[in-house]
Amino acid sequence: MTTILAIESSCDETSAAVISNGQLRSNIVATQLIHQKYGGVVPELASRAHQQHILPVVEKALKDAKVSKKDLNAIAFTRGPGLLGALLVGASFAKALALGLDIPLIEVNHMQAHVLAHFIEEPRPAFPFLCLTVSGGHTQIVLVRGPLEMEVIGETQDDAVGEAFDKTAKLLNLPYPGGPLVDQYAQKGNPSAFPFPISEMPGLHFSFSGIKTSVLYFLQSRTKEDPRFVEENIADICAGVQHTLIKMLLQKLRKAAKQTGISDIAIAGGVSANSGLRKSLREMGEKDGWNVYIPRFEYCTDNAGMIAMAAHFKFQQKQFAEQTISPMPRMAI
Ligand code: KG4
Ligand code: ZN
């Protein structure tokens, strides 16, 4: 039996997971709440919080999996992309543990891992498939040919869609991270009450910086007329923005499916937890005859379970890392 401990520390979740022969046995996530009062992730605070959480999180992951350190065959960690200081905590911890136990080290690309979260449980997509990876830092359409064979065929040229959600929330005075709150309000609102413009981009690329500006100007002009405008219309505003963001995502996904002739379509990353996106994707899938794959909520946002899954595939191919390896804040798939 091959048992791997995986560590994720790229942003503001400290997470550890244990996987044996491709079967996830534990997945512990400690979310750093300290960033809420600053309205965004503060890198230095994130690094400190990772230092505090990493040992208890790893110990809990081992305990829940009923595994002791001597049962481990490899240690995996997120190499990038992410915040350098945050990545360093996970990388250093993983290296030290692998060195102490004299077992191999496995580096994992966080964006590949988001895609591979689909292999944690059934239904698992068949290769090749397309994955729309939508998070706080990325928006990509990935052509997945094999577990470790991926190509980005479209991506955002500026902000990530998660950022568009979070920035909209900030303009509406909602706490960070605002994406889930925009989702909650949108469920009670009318998506056509306030229309927002779609940014047209060439090919399979996206742009999400324009919508933030349109929301800002829209709110400025409406609150000038009525200071209670946001308070009274928050559900409709959220529904309008969310509807526009989803439309931009799905328009390009449909184009990618047509261009590649692929009809196995998956979504991954934090924003794939969005209820509107999940619903619209299922509807589009039914219309277009796609097999749609949507992960469970807990595997959408950052977690070490997905890092463990990626590490499982890398272990099979004996893709091990050197002890001299260092994190890569910017790391292509
Ligand atoms: O993948 P993730 O956990 O971290 C990154 O790697 O960035 O994604 C975090 C992003 C944040 O922007 C958060 O607001 C967004 O995912 N998010 C959502 C929802 N849940 C998380 N956005 C919209 N609706 C949601 N339900
Ligand atoms: Zn992520």
# chains A, B, ... in the order shown; residues from 1 in each chain; ligands from 1
$ residues_around --residues "stretch 104-113 of chain A" --least-positions-apart "3" --cutoff "8 Å" --atoms "only C-alpha atoms" --output "short mmCIF file (atom, residue, chain, number, x, y, z; two decimals) with C-alpha atoms, in the first residue's frame"
data_model
loop_
_atom_site.label_atom_id
_atom_site.label_comp_id
_atom_site.auth_asym_id
_atom_site.auth_seq_id
_atom_site.Cartn_x
_atom_site.Cartn_y
_atom_site.Cartn_z
CA SER A 10 -0.74 28.46 -1.10
CA ASN A 73 5.65 6.52 1.68
CA ALA A 74 5.93 10.13 0.45
CA ILE A 75 5.23 13.75 1.44
CA ALA A 76 3.58 16.04 -1.10
CA PHE A 77 3.26 19.83 -1.00
CA THR A 78 1.92 22.68 -3.13
CA ARG A 79 4.86 24.25 -4.97
CA GLY A 80 2.80 27.03 -6.60
CA PRO A 81 1.15 29.16 -7.79
CA ALA A 94 7.17 18.87 3.80
CA LYS A 95 10.90 18.83 3.05
CA ALA A 98 10.48 13.80 4.09
CA LEU A 116 -7.57 16.46 -10.31
CA ALA A 117 -10.01 16.99 -7.42
CA THR A 133 -10.98 26.27 -13.40
CA LEU A 148 -0.57 15.05 -15.63
CA MET A 150 -2.91 19.51 -19.30
CA MET A 306 -6.77 17.57 -4.21
CA ILE A 307 -3.00 17.90 -3.62
CA MET A 309 -4.85 13.15 -5.47
CA ALA A 310 -2.30 14.85 -7.74
CA ALA A 311 0.51 13.34 -5.65
CA LYS A 314 2.88 11.60 -9.58
CA PHE A 315 3.92 8.76 -7.26
CA GLN A 319 7.92 11.93 -10.34
CA PHE A 320 9.78 12.92 -7.18
CA ALA A 321 11.28 16.28 -6.22
CA GLU A 322 14.80 17.11 -5.00
CA GLN A 323 15.41 18.46 -1.49
CA MET A 331 3.74 28.48 -11.92
CA ILE A 333 0.15 24.24 -15.44
#
$ residues_near_ligand --ligand "ligand 2" --cutoff "12 Å" --atoms "only C-alpha atoms and all ligand atoms" --output "tab-separated table (two decimals) with C-alpha atoms, in the first residue's frame"
chain	number	residue	atom	x	y	z
A	8	GLU	CA	-1.55	22.77	0.95
A	9	SER	CA	-0.53	26.29	2.02
A	10	SER	CA	-0.74	28.46	-1.10
A	11	CYS	CA	-3.13	31.12	0.19
A	12	ASP	CA	-5.28	31.36	3.31
A	13	GLU	CA	-6.17	27.73	4.07
A	14	THR	CA	-3.73	25.48	5.90
A	15	SER	CA	-4.64	21.95	4.90
A	78	THR	CA	1.92	22.68	-3.13
A	80	GLY	CA	2.80	27.03	-6.60
A	81	PRO	CA	1.15	29.16	-7.79
A	82	GLY	CA	0.42	31.12	-4.62
A	83	LEU	CA	1.85	33.55	-2.07
A	109	ASN	CA	0.96	22.37	-9.04
A	110	HIS	CA	-2.06	23.89	-7.27
A	111	MET	CA	-3.97	24.49	-10.53
A	112	GLN	CA	-3.42	20.91	-11.73
A	113	ALA	CA	-4.62	19.75	-8.33
A	114	HIS	CA	-7.89	21.74	-8.64
A	115	VAL	CA	-8.56	19.79	-11.86
A	116	LEU	CA	-7.57	16.46	-10.31
A	117	ALA	CA	-10.01	16.99	-7.42
A	133	THR	CA	-10.98	26.27	-13.40
A	134	VAL	CA	-12.32	29.30	-11.60
A	135	SER	CA	-10.72	30.58	-8.40
A	136	GLY	CA	-9.67	33.74	-6.60
A	137	GLY	CA	-6.49	33.93	-8.64
A	138	HIS	CA	-7.24	32.10	-11.89
A	139	THR	CA	-9.81	31.64	-14.64
A	160	ALA	CA	-9.83	36.27	-12.08
A	162	GLY	CA	-13.28	35.09	-8.10
A	268	ALA	CA	-13.08	23.25	-10.53
A	269	GLY	CA	-11.78	25.91	-8.12
A	270	GLY	CA	-13.42	28.03	-5.43
A	271	VAL	CA	-15.95	29.73	-7.72
A	272	SER	CA	-17.28	26.34	-8.84
A	273	ALA	CA	-18.97	26.31	-5.43
A	298	GLU	CA	-15.39	20.78	-0.03
A	299	TYR	CA	-13.25	19.75	-3.01
A	300	CYS	CA	-13.94	23.00	-4.92
A	301	THR	CA	-12.22	25.43	-2.55
A	302	ASP	CA	-8.59	25.02	-1.49
A	303	ASN	CA	-7.92	21.71	0.25
A	304	ALA	CA	-5.06	19.22	0.56
A	305	GLY	CA	-7.27	16.35	-0.66
A	306	MET	CA	-6.77	17.57	-4.21
A	307	ILE	CA	-3.00	17.90	-3.62
$ atom_distance --atom1 "atom CA of A:Thr324" --atom2 "atom CA of A:Ile54"
21.1 Å
$ closest_atom_pairs --of "stretch 92-170 of chain A" --to "stretch 182-194 of chain A" --cutoff "9 Å" --atoms "only C-alpha atoms" --output "tab-separated table"
residue	atom	partner	partner_atom	distance
A:Phe165	CA	A:Val182	CA	7.0
A:Asp166	CA	A:Val182	CA	8.3
A:Thr168	CA	A:Val182	CA	8.0
A:Ala169	CA	A:Val182	CA	6.3
$ write_last_selection --atoms "N, CA and C atoms" --output "mmCIF file, in the first residue's frame"
data_model
loop_
_atom_site.group_PDB
_atom_site.id
_atom_site.type_symbol
_atom_site.label_atom_id
_atom_site.label_comp_id
_atom_site.auth_asym_id
_atom_site.auth_seq_id
_atom_site.Cartn_x
_atom_site.Cartn_y
_atom_site.Cartn_z
ATOM 1 N N PHE A 165 -16.048 38.601 -8.206
ATOM 2 C CA PHE A 165 -17.048 38.345 -7.163
ATOM 3 C C PHE A 165 -16.666 39.088 -5.881
ATOM 4 N N ASP A 166 -15.396 38.945 -5.469
ATOM 5 C CA ASP A 166 -14.955 39.529 -4.199
ATOM 6 C C ASP A 166 -14.960 41.057 -4.242
ATOM 7 N N THR A 168 -16.888 42.949 -6.196
ATOM 8 C CA THR A 168 -18.290 43.374 -6.199
ATOM 9 C C THR A 168 -18.796 43.389 -4.754
ATOM 10 N N ALA A 169 -18.463 42.328 -4.024
ATOM 11 C CA ALA A 169 -18.901 42.227 -2.632
ATOM 12 C C ALA A 169 -18.361 43.392 -1.802
#
$ select_by_dssp --residues "stretch 67-176 of chain A" --states "strand (DSSP E)" --output "MDAnalysis selection string"
chainID A and resid 74:80 105:109 129:134 139:146 149:155
$ write_last_selection --atoms "C-alpha atoms" --output "mmCIF file, in the first residue's frame"
data_model
loop_
_atom_site.group_PDB
_atom_site.id
_atom_site.type_symbol
_atom_site.label_atom_id
_atom_site.label_comp_id
_atom_site.auth_asym_id
_atom_site.auth_seq_id
_atom_site.Cartn_x
_atom_site.Cartn_y
_atom_site.Cartn_z
ATOM 1 C CA ALA A 74 5.929 10.131 0.451
ATOM 2 C CA ILE A 75 5.233 13.745 1.438
ATOM 3 C CA ALA A 76 3.576 16.044 -1.095
ATOM 4 C CA PHE A 77 3.263 19.832 -1.005
ATOM 5 C CA THR A 78 1.925 22.678 -3.132
ATOM 6 C CA ARG A 79 4.856 24.249 -4.965
ATOM 7 C CA GLY A 80 2.799 27.033 -6.602
ATOM 8 C CA LEU A 105 9.122 14.380 -1.718
ATOM 9 C CA ILE A 106 6.459 15.262 -4.342
ATOM 10 C CA GLU A 107 5.814 18.788 -5.627
ATOM 11 C CA VAL A 108 2.296 19.594 -6.817
ATOM 12 C CA ASN A 109 0.961 22.371 -9.039
ATOM 13 C CA PHE A 129 -12.088 16.458 -20.957
ATOM 14 C CA LEU A 130 -12.351 20.220 -20.570
ATOM 15 C CA CYS A 131 -12.122 21.824 -17.151
ATOM 16 C CA LEU A 132 -13.175 25.374 -16.390
ATOM 17 C CA THR A 133 -10.982 26.267 -13.401
ATOM 18 C CA VAL A 134 -12.323 29.304 -11.600
ATOM 19 C CA THR A 139 -9.805 31.641 -14.641
ATOM 20 C CA GLN A 140 -8.765 29.013 -17.154
ATOM 21 C CA ILE A 141 -10.200 26.575 -19.652
ATOM 22 C CA VAL A 142 -7.946 23.537 -19.442
ATOM 23 C CA LEU A 143 -7.774 20.720 -21.980
ATOM 24 C CA VAL A 144 -7.018 17.653 -19.857
ATOM 25 C CA ARG A 145 -5.500 14.814 -21.895
ATOM 26 C CA GLY A 146 -4.246 12.749 -18.963
ATOM 27 C CA GLU A 149 -1.062 16.204 -19.216
ATOM 28 C CA MET A 150 -2.906 19.513 -19.302
ATOM 29 C CA GLU A 151 -2.980 22.524 -21.615
ATOM 30 C CA VAL A 152 -4.527 25.928 -20.903
ATOM 31 C CA ILE A 153 -6.519 26.830 -24.035
ATOM 32 C CA GLY A 154 -8.128 30.011 -22.679
ATOM 33 C CA GLU A 155 -7.612 32.245 -19.665
#
$ residues_around --residues "A:Phe196" --least-positions-apart "3" --cutoff "12 Å" --atoms "only C-alpha atoms" --output "short mmCIF file (atom, residue, chain, number, x, y, z; two decimals) with C-alpha atoms, in the first residue's frame"
data_model
loop_
_atom_site.label_atom_id
_atom_site.label_comp_id
_atom_site.auth_asym_id
_atom_site.auth_seq_id
_atom_site.Cartn_x
_atom_site.Cartn_y
_atom_site.Cartn_z
CA PRO A 191 -30.97 38.66 -12.60
CA SER A 192 -32.55 40.97 -15.20
CA ALA A 193 -33.37 43.92 -12.90
CA SER A 199 -16.66 42.05 -21.96
CA PHE A 208 -13.19 40.51 -15.71
CA GLY A 210 -14.37 45.87 -16.78
CA ILE A 211 -17.35 44.61 -14.81
CA LYS A 212 -15.87 45.87 -11.54
CA THR A 213 -15.71 49.39 -13.02
CA SER A 214 -19.26 49.18 -14.37
CA VAL A 215 -20.53 48.05 -10.96
CA LEU A 216 -18.64 50.90 -9.28
CA TYR A 217 -20.08 53.60 -11.62
CA PHE A 218 -23.55 52.07 -11.44
CA LEU A 219 -23.52 52.10 -7.63
CA ASP A 236 -31.06 42.21 -7.47
CA ILE A 237 -27.60 43.78 -7.81
CA CYS A 238 -25.89 40.50 -6.81
CA ALA A 239 -28.15 38.52 -9.14
CA GLY A 240 -27.35 40.89 -12.03
CA VAL A 241 -23.58 40.74 -11.53
CA GLN A 242 -23.53 36.98 -10.97
CA HIS A 243 -25.68 36.38 -14.04
CA THR A 244 -23.25 38.41 -16.18
CA LEU A 245 -20.15 36.64 -14.81
CA ILE A 246 -21.69 33.21 -15.39
CA LYS A 247 -22.74 34.19 -18.91
CA MET A 248 -19.15 35.23 -19.74
#
$ closest_residue --among "A:Gln32, A:Ser26, A:Ser263, A:Thr223" --to "ligand 1" --atoms "only C-alpha atoms and all ligand atoms"
A:Gln32
$ closest_residue --among "A:Ile103, A:Ala164, A:Ile267, A:Val292" --to "ligand 1" --atoms "only C-alpha atoms and all ligand atoms"
A:Ala164
